[in-house]
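Everything below belongs to my_file_17.cif, which stores mmCIF, C-alpha atoms, pLDDT in the B column; chains and numbers go by the auth columns.
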```cif
data_final
#
loop_
_atom_site.group_PDB
_atom_site.id
_atom_site.type_symbol
_atom_site.label_atom_id
_atom_site.label_comp_id
_atom_site.label_asym_id
_atom_site.label_seq_id
_atom_site.Cartn_x
_atom_site.Cartn_y
_atom_site.Cartn_z
_atom_site.B_iso_or_equiv
_atom_site.auth_seq_id
_atom_site.auth_asym_id
ATOM 1 C CA ASN A 1 -17.933 9.572 -25.789 76.00 12 A
ATOM 2 C CA ASN A 2 -17.772 10.188 -22.043 81.00 13 A
ATOM 3 C CA ALA A 3 -18.880 13.561 -20.668 86.00 14 A
ATOM 4 C CA SER A 4 -18.534 14.270 -16.959 90.00 15 A
ATOM 5 C CA ILE A 5 -18.938 17.024 -14.373 93.00 16 A
ATOM 6 C CA THR A 6 -17.470 16.858 -10.868 94.00 17 A
ATOM 7 C CA GLY A 7 -17.911 19.199 -7.918 96.00 18 A
ATOM 8 C CA VAL A 8 -16.653 19.205 -4.320 95.00 19 A
ATOM 9 C CA TYR A 9 -17.694 21.466 -1.435 95.00 20 A
ATOM 10 C CA GLY A 10 -15.915 21.478 1.911 95.00 21 A
ATOM 11 C CA TYR A 11 -16.710 23.194 5.188 94.00 22 A
ATOM 12 C CA GLY A 12 -14.011 23.420 7.835 91.00 23 A
ATOM 13 C CA ALA A 13 -10.247 23.843 7.657 88.00 24 A
ATOM 14 C CA GLU A 14 -7.972 20.857 7.107 83.00 25 A
ATOM 15 C CA ASN A 15 -6.587 21.143 10.651 84.00 26 A
ATOM 16 C CA SER A 16 -9.923 21.812 12.380 89.00 27 A
ATOM 17 C CA ARG A 17 -11.453 19.345 14.838 92.00 28 A
ATOM 18 C CA ALA A 18 -14.426 18.572 12.574 95.00 29 A
ATOM 19 C CA ARG A 19 -15.146 19.197 8.910 96.00 30 A
ATOM 20 C CA ILE A 20 -17.441 17.986 6.160 96.00 31 A
ATOM 21 C CA GLU A 21 -17.056 17.358 2.456 96.00 32 A
ATOM 22 C CA ILE A 22 -19.818 16.989 -0.129 97.00 33 A
ATOM 23 C CA ASN A 23 -19.116 15.761 -3.630 96.00 34 A
ATOM 24 C CA ALA A 24 -21.282 15.324 -6.720 96.00 35 A
ATOM 25 C CA ASP A 25 -20.452 13.634 -10.019 95.00 36 A
ATOM 26 C CA TYR A 26 -22.334 13.274 -13.273 94.00 37 A
ATOM 27 C CA HIS A 27 -21.237 11.015 -16.133 92.00 38 A
ATOM 28 C CA ASP A 28 -22.850 10.513 -19.526 92.00 39 A
ATOM 29 C CA LEU A 29 -21.543 7.619 -21.620 89.00 40 A
ATOM 30 C CA LEU A 30 -22.455 7.309 -25.298 88.00 41 A
ATOM 31 C CA TYR A 31 -20.915 4.828 -27.738 86.00 42 A
ATOM 32 C CA HIS A 32 -20.501 5.707 -31.423 84.00 43 A
ATOM 33 C CA ASN A 33 -19.171 2.449 -32.905 86.00 44 A
ATOM 34 C CA ASN A 34 -20.989 -0.857 -33.488 83.00 45 A
ATOM 35 C CA ARG A 35 -24.333 0.634 -32.507 78.00 46 A
ATOM 36 C CA THR A 36 -26.154 -2.673 -32.968 78.00 47 A
ATOM 37 C CA LEU A 37 -24.314 -3.992 -29.904 78.00 48 A
ATOM 38 C CA THR A 38 -23.292 -0.917 -27.952 81.00 49 A
ATOM 39 C CA THR A 39 -26.681 0.804 -27.817 85.00 50 A
ATOM 40 C CA LEU A 40 -27.458 -1.359 -24.761 82.00 51 A
ATOM 41 C CA TYR A 41 -24.608 0.272 -22.840 85.00 52 A
ATOM 42 C CA ASP A 42 -25.382 3.975 -23.307 90.00 53 A
ATOM 43 C CA MET A 43 -26.003 5.317 -19.820 90.00 54 A
ATOM 44 C CA ASN A 44 -25.752 8.210 -17.390 93.00 55 A
ATOM 45 C CA MET A 45 -24.744 8.159 -13.753 93.00 56 A
ATOM 46 C CA ASN A 46 -25.322 10.550 -10.845 94.00 57 A
ATOM 47 C CA ASP A 47 -23.193 10.098 -7.734 95.00 58 A
ATOM 48 C CA VAL A 48 -23.602 12.160 -4.547 97.00 59 A
ATOM 49 C CA GLY A 49 -21.441 11.655 -1.475 97.00 60 A
ATOM 50 C CA PHE A 50 -21.030 13.056 2.029 97.00 61 A
ATOM 51 C CA THR A 51 -18.003 12.633 4.316 97.00 62 A
ATOM 52 C CA PHE A 52 -17.727 13.758 7.929 97.00 63 A
ATOM 53 C CA TYR A 53 -14.197 13.985 9.373 96.00 64 A
ATOM 54 C CA TYR A 54 -13.416 14.191 13.096 96.00 65 A
ATOM 55 C CA ARG A 55 -9.851 14.579 14.350 94.00 66 A
ATOM 56 C CA THR A 56 -9.630 12.366 17.427 93.00 67 A
ATOM 57 C CA THR A 57 -5.874 12.879 17.987 91.00 68 A
ATOM 58 C CA PRO A 58 -3.248 15.046 16.268 89.00 69 A
ATOM 59 C CA LYS A 59 -2.287 12.010 14.159 91.00 70 A
ATOM 60 C CA ILE A 60 -5.647 10.235 13.654 93.00 71 A
ATOM 61 C CA THR A 61 -8.842 11.412 11.944 95.00 72 A
ATOM 62 C CA THR A 62 -11.954 9.238 11.927 96.00 73 A
ATOM 63 C CA LEU A 63 -14.482 9.524 9.131 97.00 74 A
ATOM 64 C CA LEU A 64 -18.011 8.580 8.161 97.00 75 A
ATOM 65 C CA GLN A 65 -18.740 8.372 4.437 97.00 76 A
ATOM 66 C CA LEU A 66 -22.115 7.968 2.739 97.00 77 A
ATOM 67 C CA SER A 67 -22.728 7.851 -0.999 97.00 78 A
ATOM 68 C CA ASN A 68 -25.643 7.265 -3.337 96.00 79 A
ATOM 69 C CA LYS A 69 -25.219 6.415 -7.001 95.00 80 A
ATOM 70 C CA ARG A 70 -28.014 6.330 -9.571 95.00 81 A
ATOM 71 C CA ILE A 71 -27.315 4.535 -12.865 93.00 82 A
ATOM 72 C CA ALA A 72 -29.787 4.855 -15.754 93.00 83 A
ATOM 73 C CA TYR A 73 -29.368 3.055 -19.078 90.00 84 A
ATOM 74 C CA ASP A 74 -30.970 4.573 -22.162 89.00 85 A
ATOM 75 C CA SER A 75 -32.188 1.284 -23.626 87.00 86 A
ATOM 76 C CA PRO A 76 -35.502 -0.121 -22.284 87.00 87 A
ATOM 77 C CA LEU A 77 -34.014 -3.599 -22.868 84.00 88 A
ATOM 78 C CA SER A 78 -31.272 -3.102 -20.286 86.00 89 A
ATOM 79 C CA THR A 79 -31.626 -4.761 -16.869 86.00 90 A
ATOM 80 C CA GLN A 80 -28.748 -2.774 -15.312 87.00 91 A
ATOM 81 C CA SER A 81 -30.518 0.464 -14.322 91.00 92 A
ATOM 82 C CA GLY A 82 -30.696 0.926 -10.572 93.00 93 A
ATOM 83 C CA SER A 83 -29.149 2.442 -7.453 95.00 94 A
ATOM 84 C CA GLU A 84 -26.122 1.784 -5.300 95.00 95 A
ATOM 85 C CA GLN A 85 -25.333 2.954 -1.772 96.00 96 A
ATOM 86 C CA ASP A 86 -22.083 2.812 0.205 96.00 97 A
ATOM 87 C CA TYR A 87 -21.906 3.269 3.997 97.00 98 A
ATOM 88 C CA LEU A 88 -18.313 3.400 5.239 98.00 99 A
ATOM 89 C CA LEU A 89 -16.632 4.060 8.578 98.00 100 A
ATOM 90 C CA GLY A 90 -12.892 4.459 8.855 97.00 101 A
ATOM 91 C CA ALA A 91 -9.859 6.545 9.680 96.00 102 A
ATOM 92 C CA THR A 92 -6.796 8.230 8.243 94.00 103 A
ATOM 93 C CA TRP A 93 -3.602 8.304 10.236 92.00 104 A
ATOM 94 C CA GLU A 94 0.047 9.246 10.327 87.00 105 A
ATOM 95 C CA ALA A 95 1.221 7.162 13.258 75.00 106 A
ATOM 96 C CA THR A 96 4.862 8.033 12.650 74.00 107 A
ATOM 97 C CA ALA A 97 6.890 9.555 9.853 70.00 108 A
ATOM 98 C CA GLN A 98 7.292 5.965 8.631 84.00 109 A
ATOM 99 C CA THR A 99 3.650 4.818 8.657 89.00 110 A
ATOM 100 C CA THR A 100 0.672 6.558 7.039 93.00 111 A
ATOM 101 C CA GLY A 101 -2.595 5.308 5.666 94.00 112 A
ATOM 102 C CA ASN A 102 -6.347 5.293 5.447 95.00 113 A
ATOM 103 C CA PHE A 103 -8.853 2.497 5.739 97.00 114 A
ATOM 104 C CA LYS A 104 -12.649 2.443 5.675 97.00 115 A
ATOM 105 C CA ILE A 105 -15.050 -0.468 5.826 97.00 116 A
ATOM 106 C CA GLY A 106 -18.815 -0.801 5.689 97.00 117 A
ATOM 107 C CA MET A 107 -21.678 -1.991 3.542 97.00 118 A
ATOM 108 C CA LEU A 108 -22.485 -1.893 -0.149 96.00 119 A
ATOM 109 C CA GLN A 109 -26.143 -2.069 -1.201 95.00 120 A
ATOM 110 C CA LYS A 110 -27.215 -2.478 -4.801 94.00 121 A
ATOM 111 C CA SER A 111 -30.749 -2.612 -6.215 93.00 122 A
ATOM 112 C CA PHE A 112 -32.133 -2.816 -9.744 92.00 123 A
ATOM 113 C CA ASP A 113 -35.242 -1.336 -11.313 90.00 124 A
ATOM 114 C CA VAL A 114 -36.283 -4.621 -12.926 86.00 125 A
ATOM 115 C CA VAL A 115 -35.603 -8.379 -12.832 81.00 126 A
ATOM 116 C CA ASN A 116 -32.316 -8.625 -10.914 85.00 127 A
ATOM 117 C CA PRO A 117 -32.450 -9.199 -7.133 89.00 128 A
ATOM 118 C CA SER A 118 -30.988 -6.718 -4.666 91.00 129 A
ATOM 119 C CA TYR A 119 -27.582 -7.218 -3.053 92.00 130 A
ATOM 120 C CA ALA A 120 -26.008 -6.220 0.271 94.00 131 A
ATOM 121 C CA GLY A 121 -22.487 -7.066 1.377 95.00 132 A
ATOM 122 C CA VAL A 122 -19.244 -5.850 2.912 96.00 133 A
ATOM 123 C CA SER A 123 -17.127 -3.282 1.064 96.00 134 A
ATOM 124 C CA TRP A 124 -13.893 -1.512 1.931 97.00 135 A
ATOM 125 C CA GLN A 125 -11.157 0.821 0.672 97.00 136 A
ATOM 126 C CA GLY A 126 -7.642 1.024 2.055 97.00 137 A
ATOM 127 C CA ASP A 127 -4.227 2.477 1.291 97.00 138 A
ATOM 128 C CA ILE A 128 -1.390 1.934 3.794 95.00 139 A
ATOM 129 C CA ARG A 129 2.241 3.015 3.343 94.00 140 A
ATOM 130 C CA TRP A 130 5.207 1.869 5.422 93.00 141 A
ATOM 131 C CA SER A 131 8.697 3.325 5.007 91.00 142 A
ATOM 132 C CA PRO A 132 11.119 1.486 7.307 89.00 143 A
ATOM 133 C CA ARG A 133 13.988 3.273 5.555 87.00 144 A
ATOM 134 C CA GLN A 134 14.133 6.593 3.749 85.00 145 A
ATOM 135 C CA PHE A 135 14.937 4.811 0.475 88.00 146 A
ATOM 136 C CA PHE A 136 12.446 1.927 0.772 94.00 147 A
ATOM 137 C CA THR A 137 8.603 1.999 0.830 95.00 148 A
ATOM 138 C CA VAL A 138 5.949 -0.707 0.977 95.00 149 A
ATOM 139 C CA GLU A 139 2.391 0.206 -0.034 96.00 150 A
ATOM 140 C CA TRP A 140 -0.718 -1.957 0.281 97.00 151 A
ATOM 141 C CA VAL A 141 -3.864 -0.912 -1.597 97.00 152 A
ATOM 142 C CA SER A 142 -7.071 -2.910 -1.151 97.00 153 A
ATOM 143 C CA GLY A 143 -10.718 -2.501 -2.035 97.00 154 A
ATOM 144 C CA ARG A 144 -14.019 -4.089 -2.926 96.00 155 A
ATOM 145 C CA SER A 145 -16.481 -2.447 -5.317 94.00 156 A
ATOM 146 C CA SER A 146 -19.103 -3.304 -7.919 93.00 157 A
ATOM 147 C CA VAL A 147 -18.974 -3.051 -11.708 89.00 158 A
ATOM 148 C CA ASN A 148 -22.009 -3.268 -13.957 87.00 159 A
ATOM 149 C CA SER A 149 -22.372 -6.426 -15.979 85.00 160 A
ATOM 150 C CA THR A 150 -21.626 -6.519 -19.710 80.00 161 A
ATOM 151 C CA GLY A 151 -23.496 -9.774 -20.237 81.00 162 A
ATOM 152 C CA VAL A 152 -22.421 -12.246 -17.531 84.00 163 A
ATOM 153 C CA GLY A 153 -24.145 -12.111 -14.136 84.00 164 A
ATOM 154 C CA ASN A 154 -26.297 -9.448 -12.505 89.00 165 A
ATOM 155 C CA PHE A 155 -23.138 -7.424 -11.820 91.00 166 A
ATOM 156 C CA VAL A 156 -19.469 -8.042 -11.018 93.00 167 A
ATOM 157 C CA LEU A 157 -18.095 -7.756 -7.478 94.00 168 A
ATOM 158 C CA ASN A 158 -14.407 -6.863 -7.696 96.00 169 A
ATOM 159 C CA THR A 159 -11.953 -7.468 -4.856 97.00 170 A
ATOM 160 C CA LYS A 160 -8.459 -6.158 -5.546 97.00 171 A
ATOM 161 C CA ASP A 161 -5.231 -6.182 -3.538 97.00 172 A
ATOM 162 C CA VAL A 162 -2.014 -4.504 -4.677 97.00 173 A
ATOM 163 C CA LEU A 163 1.437 -4.559 -3.070 97.00 174 A
ATOM 164 C CA ASN A 164 4.041 -2.028 -4.244 97.00 175 A
ATOM 165 C CA PHE A 165 7.687 -2.293 -3.173 96.00 176 A
ATOM 166 C CA SER A 166 9.593 0.883 -4.079 95.00 177 A
ATOM 167 C CA TYR A 167 13.357 1.262 -3.782 94.00 178 A
ATOM 168 C CA ASN A 168 15.174 4.536 -4.410 92.00 179 A
ATOM 169 C CA MET A 169 18.536 3.465 -5.868 88.00 180 A
ATOM 170 C CA ASN A 170 19.748 7.069 -5.774 87.00 181 A
ATOM 171 C CA GLU A 171 18.326 10.598 -5.978 85.00 182 A
ATOM 172 C CA ARG A 172 17.213 10.082 -9.588 87.00 183 A
ATOM 173 C CA ASN A 173 16.466 6.360 -9.937 91.00 184 A
ATOM 174 C CA ARG A 174 13.522 4.475 -8.441 92.00 185 A
ATOM 175 C CA LEU A 175 12.583 0.840 -8.930 94.00 186 A
ATOM 176 C CA THR A 176 9.059 -0.437 -8.114 96.00 187 A
ATOM 177 C CA LEU A 177 7.903 -4.053 -7.962 96.00 188 A
ATOM 178 C CA THR A 178 4.112 -4.543 -8.103 97.00 189 A
ATOM 179 C CA LEU A 179 2.176 -7.663 -7.104 97.00 190 A
ATOM 180 C CA ALA A 180 -1.590 -7.566 -7.622 97.00 191 A
ATOM 181 C CA GLN A 181 -4.541 -9.913 -7.307 97.00 192 A
ATOM 182 C CA LEU A 182 -8.013 -9.274 -8.765 97.00 193 A
ATOM 183 C CA ASN A 183 -10.959 -11.518 -7.861 97.00 194 A
ATOM 184 C CA GLU A 184 -14.120 -11.068 -9.919 95.00 195 A
ATOM 185 C CA ASP A 185 -17.369 -12.604 -8.659 94.00 196 A
ATOM 186 C CA PHE A 186 -20.106 -12.623 -11.298 94.00 197 A
ATOM 187 C CA VAL A 187 -23.073 -12.322 -8.952 91.00 198 A
ATOM 188 C CA GLY A 188 -25.999 -14.549 -9.884 87.00 199 A
ATOM 189 C CA THR A 189 -23.965 -17.112 -11.870 90.00 200 A
ATOM 190 C CA GLY A 190 -21.596 -18.826 -9.439 86.00 201 A
ATOM 191 C CA ARG A 191 -18.672 -17.862 -11.689 92.00 202 A
ATOM 192 C CA SER A 192 -15.557 -16.395 -10.103 93.00 203 A
ATOM 193 C CA ASP A 193 -12.348 -15.365 -11.900 95.00 204 A
ATOM 194 C CA SER A 194 -8.971 -14.760 -10.284 95.00 205 A
ATOM 195 C CA THR A 195 -6.268 -12.759 -12.083 96.00 206 A
ATOM 196 C CA PRO A 196 -2.772 -12.229 -10.645 97.00 207 A
ATOM 197 C CA THR A 197 -0.524 -9.573 -12.196 96.00 208 A
ATOM 198 C CA TYR A 198 3.120 -8.689 -11.698 96.00 209 A
ATOM 199 C CA GLY A 199 5.020 -5.611 -12.778 96.00 210 A
ATOM 200 C CA LEU A 200 8.427 -3.998 -12.597 95.00 211 A
ATOM 201 C CA ARG A 201 8.885 -0.275 -13.238 94.00 212 A
ATOM 202 C CA GLU A 202 11.988 1.883 -13.307 92.00 213 A
ATOM 203 C CA GLU A 203 11.850 5.671 -13.197 90.00 214 A
ATOM 204 C CA TYR A 204 14.635 8.114 -13.927 89.00 215 A
ATOM 205 C CA GLN A 205 14.215 11.797 -13.098 88.00 216 A
ATOM 206 C CA LEU A 206 15.971 13.551 -15.950 86.00 217 A
ATOM 207 C CA ARG A 207 14.764 16.987 -14.854 84.00 218 A
ATOM 208 C CA LYS A 208 12.500 18.256 -12.087 81.00 219 A
ATOM 209 C CA TRP A 209 9.696 18.386 -14.630 84.00 220 A
ATOM 210 C CA LEU A 210 10.670 15.307 -16.692 86.00 221 A
ATOM 211 C CA VAL A 211 10.634 11.651 -15.596 87.00 222 A
ATOM 212 C CA LEU A 212 11.510 8.765 -17.915 88.00 223 A
ATOM 213 C CA ALA A 213 9.922 5.391 -17.105 89.00 224 A
ATOM 214 C CA ALA A 214 10.109 1.810 -18.387 90.00 225 A
ATOM 215 C CA GLU A 215 7.966 -1.133 -17.289 87.00 226 A
#
```
Write out the structure in this file as structure tokens.
Amino acid sequence: NNASITGVYGYGAENSRARIEINADYHDLLYHNNRTLTTLYDMNMNDVGFTFYYRTTPKITTLLQLSNKRIAYDSPLSTQSGSEQDYLLGATWEATAQTTGNFKIGMLQKSFDVVNPSYAGVSWQGDIRWSPRQFFTVEWVSGRSSVNSTGVGNFVLNTKDVLNFSYNMNERNRLTLTLAQLNEDFVGTGRSDSTPTYGLREEYQLRKWLVLAAE
């Protein structure tokens, strides 16, 4: 059972020189099956973030993003309770009608209430789209983030890169080839897993409100 509440407050118009955005999230996760094992993973999470946007040119907006996440596990036996902070600096842009994107890079800090040592390292989030032709689009999505451990390592540091190649065969048909790579570093163990994935998806727009897909 996963209960969540999300709120966002913004000050400043989308086209203004400067604006701010504040977001808050609360999640409560409670397992109902196999309680002998899953009781260790019942938890709640509070996440508060602040983003400052500044439009430096008509096509480019720089941003500063700060976030603080507090994770608390219900079980006193858990070693995963702690805090996580992200400090990111980046930009969003629409250089031409063919190229749009956003990219932010900074530092991830993670600390635990007991036992596990603290961590600090580089993190980033990016999404860049290039459309050299009206019917063809290339999208690159990249990011590094942390995931709480489920038994191996202090936590898992995920680095993921995805390439999407989309081709509009006609007004109704679109074909998308996806190439992805996920690297999982199990911090504190020396273990690192690498998982490549490939996908092919075809979409057919039967109606404006109905799209059929196969992958």
Show me the residues around (-27.0, -0.5, -21.0) - criterion: an atom at most 12 Å away, all atoms listed in the file counted - as a PyMOL selection string. chain A and resi 39-42+46+48-56+82-93+159-162
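Straight-line separation from atom CA of A:Arg155 to atom CA of A:Gln96: 13.4 Å.
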Using all atoms listed in the file - which residues lie no farther than 8 Å from the point (10.7, 0.1, -9.4) in the file's frame? Write them as a ChimeraX atom specification. /A:176-178,185-188,211-214
Store the residues of this selection in a file with C-alpha atoms, as a PDB file, in the frame of the given file.
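Wrote it out as result-v4.pdb, contents follow:
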```
ATOM      1  CA  PHE A 176       7.687  -2.293  -3.173  1.00 96.00           C
ATOM      2  CA  SER A 177       9.593   0.883  -4.079  1.00 95.00           C
ATOM      3  CA  TYR A 178      13.357   1.262  -3.782  1.00 94.00           C
ATOM      4  CA  ARG A 185      13.522   4.475  -8.441  1.00 92.00           C
ATOM      5  CA  LEU A 186      12.583   0.840  -8.930  1.00 94.00           C
ATOM      6  CA  THR A 187       9.059  -0.437  -8.114  1.00 96.00           C
ATOM      7  CA  LEU A 188       7.903  -4.053  -7.962  1.00 96.00           C
ATOM      8  CA  LEU A 211       8.427  -3.998 -12.597  1.00 95.00           C
ATOM      9  CA  ARG A 212       8.885  -0.275 -13.238  1.00 94.00           C
ATOM     10  CA  GLU A 213      11.988   1.883 -13.307  1.00 92.00           C
ATOM     11  CA  GLU A 214      11.850   5.671 -13.197  1.00 90.00           C
TER      12      GLU A 214
END
```
Translate the PyMOL selection byres ((chain A and resi 62-76) around 12) into a concrete residue list for this structure, as a ChimeraX atom specification. /A:19-35,59-61,77-79,96-108,110-119,135-136
So that I have them on file, write out the residues from the current selection with C-alpha atoms, as a PDB file, in the coordinates of the input.
```
ATOM      1  CA  VAL A  19     -16.653  19.205  -4.320  1.00 95.00           C
ATOM      2  CA  TYR A  20     -17.694  21.466  -1.435  1.00 95.00           C
ATOM      3  CA  GLY A  21     -15.915  21.478   1.911  1.00 95.00           C
ATOM      4  CA  TYR A  22     -16.710  23.194   5.188  1.00 94.00           C
ATOM      5  CA  GLY A  23     -14.011  23.420   7.835  1.00 91.00           C
ATOM      6  CA  ALA A  24     -10.247  23.843   7.657  1.00 88.00           C
ATOM      7  CA  GLU A  25      -7.972  20.857   7.107  1.00 83.00           C
ATOM      8  CA  ASN A  26      -6.587  21.143  10.651  1.00 84.00           C
ATOM      9  CA  SER A  27      -9.923  21.812  12.380  1.00 89.00           C
ATOM     10  CA  ARG A  28     -11.453  19.345  14.838  1.00 92.00           C
ATOM     11  CA  ALA A  29     -14.426  18.572  12.574  1.00 95.00           C
ATOM     12  CA  ARG A  30     -15.146  19.197   8.910  1.00 96.00           C
ATOM     13  CA  ILE A  31     -17.441  17.986   6.160  1.00 96.00           C
ATOM     14  CA  GLU A  32     -17.056  17.358   2.456  1.00 96.00           C
ATOM     15  CA  ILE A  33     -19.818  16.989  -0.129  1.00 97.00           C
ATOM     16  CA  ASN A  34     -19.116  15.761  -3.630  1.00 96.00           C
ATOM     17  CA  ALA A  35     -21.282  15.324  -6.720  1.00 96.00           C
ATOM     18  CA  VAL A  59     -23.602  12.160  -4.547  1.00 97.00           C
ATOM     19  CA  GLY A  60     -21.441  11.655  -1.475  1.00 97.00           C
ATOM     20  CA  PHE A  61     -21.030  13.056   2.029  1.00 97.00           C
ATOM     21  CA  LEU A  77     -22.115   7.968   2.739  1.00 97.00           C
ATOM     22  CA  SER A  78     -22.728   7.851  -0.999  1.00 97.00           C
ATOM     23  CA  ASN A  79     -25.643   7.265  -3.337  1.00 96.00           C
ATOM     24  CA  GLN A  96     -25.333   2.954  -1.772  1.00 96.00           C
ATOM     25  CA  ASP A  97     -22.083   2.812   0.205  1.00 96.00           C
ATOM     26  CA  TYR A  98     -21.906   3.269   3.997  1.00 97.00           C
ATOM     27  CA  LEU A  99     -18.313   3.400   5.239  1.00 98.00           C
ATOM     28  CA  LEU A 100     -16.632   4.060   8.578  1.00 98.00           C
ATOM     29  CA  GLY A 101     -12.892   4.459   8.855  1.00 97.00           C
ATOM     30  CA  ALA A 102      -9.859   6.545   9.680  1.00 96.00           C
ATOM     31  CA  THR A 103      -6.796   8.230   8.243  1.00 94.00           C
ATOM     32  CA  TRP A 104      -3.602   8.304  10.236  1.00 92.00           C
ATOM     33  CA  GLU A 105       0.047   9.246  10.327  1.00 87.00           C
ATOM     34  CA  ALA A 106       1.221   7.162  13.258  1.00 75.00           C
ATOM     35  CA  THR A 107       4.862   8.033  12.650  1.00 74.00           C
ATOM     36  CA  ALA A 108       6.890   9.555   9.853  1.00 70.00           C
ATOM     37  CA  THR A 110       3.650   4.818   8.657  1.00 89.00           C
ATOM     38  CA  THR A 111       0.672   6.558   7.039  1.00 93.00           C
ATOM     39  CA  GLY A 112      -2.595   5.308   5.666  1.00 94.00           C
ATOM     40  CA  ASN A 113      -6.347   5.293   5.447  1.00 95.00           C
ATOM     41  CA  PHE A 114      -8.853   2.497   5.739  1.00 97.00           C
ATOM     42  CA  LYS A 115     -12.649   2.443   5.675  1.00 97.00           C
ATOM     43  CA  ILE A 116     -15.050  -0.468   5.826  1.00 97.00           C
ATOM     44  CA  GLY A 117     -18.815  -0.801   5.689  1.00 97.00           C
ATOM     45  CA  MET A 118     -21.678  -1.991   3.542  1.00 97.00           C
ATOM     46  CA  LEU A 119     -22.485  -1.893  -0.149  1.00 96.00           C
ATOM     47  CA  TRP A 135     -13.893  -1.512   1.931  1.00 97.00           C
ATOM     48  CA  GLN A 136     -11.157   0.821   0.672  1.00 97.00           C
TER      49      GLN A 136
END
```
Counting all atoms listed in the file, what is within 8 Å of A:Tyr37, bar same-chain residues fewer than 3 positions away, as a JSON list (two decimals) with C-alpha atoms, in the coordinates of the input?
```json
[["chain", "number", "residue", "atom", "x", "y", "z"],
["A", 15, "SER", "CA", -18.53, 14.27, -16.96],
["A", 16, "ILE", "CA", -18.94, 17.02, -14.37],
["A", 17, "THR", "CA", -17.47, 16.86, -10.87],
["A", 55, "ASN", "CA", -25.75, 8.21, -17.39],
["A", 56, "MET", "CA", -24.74, 8.16, -13.75],
["A", 57, "ASN", "CA", -25.32, 10.55, -10.84],
["A", 58, "ASP", "CA", -23.19, 10.10, -7.73]]
```
Residue by residue, what does the PyMOL selection byres ((chain A and resi 193) around 8) grab here? Present the result as a list in words.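 With the PyMOL selection byres ((chain A and resi 193) around 8) on this model, the match is Asn169, Thr170, Lys171, Asp172, Ala191, Gln192, Asn194, Glu195, Ser205, Thr206 and Pro207 of chain A.
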d(atom CA of A:Ser153, atom CA of A:Asp204) in Å: 17.3 Å
Please provide as an mmCIF file with C-alpha atoms, in the coordinates of the input all residues within 8 Å of A:Val158, with the sequence filter that same-chain residues fewer than 5 positions apart are discarded (counting all atoms listed in the file).
```
data_model
loop_
_atom_site.group_PDB
_atom_site.id
_atom_site.type_symbol
_atom_site.label_atom_id
_atom_site.label_comp_id
_atom_site.auth_asym_id
_atom_site.auth_seq_id
_atom_site.Cartn_x
_atom_site.Cartn_y
_atom_site.Cartn_z
ATOM 1 C CA PHE A 166 -23.138 -7.424 -11.820
ATOM 2 C CA VAL A 167 -19.469 -8.042 -11.018
ATOM 3 C CA LEU A 168 -18.095 -7.756 -7.478
ATOM 4 C CA ASN A 169 -14.407 -6.863 -7.696
#
```
Applied to this file, what does the PyMOL selection byres ((chain A and resi 146) around 6) return in terms of residues, put as an MDAnalysis selection string? chainID A and resid 144:145 147 178:179
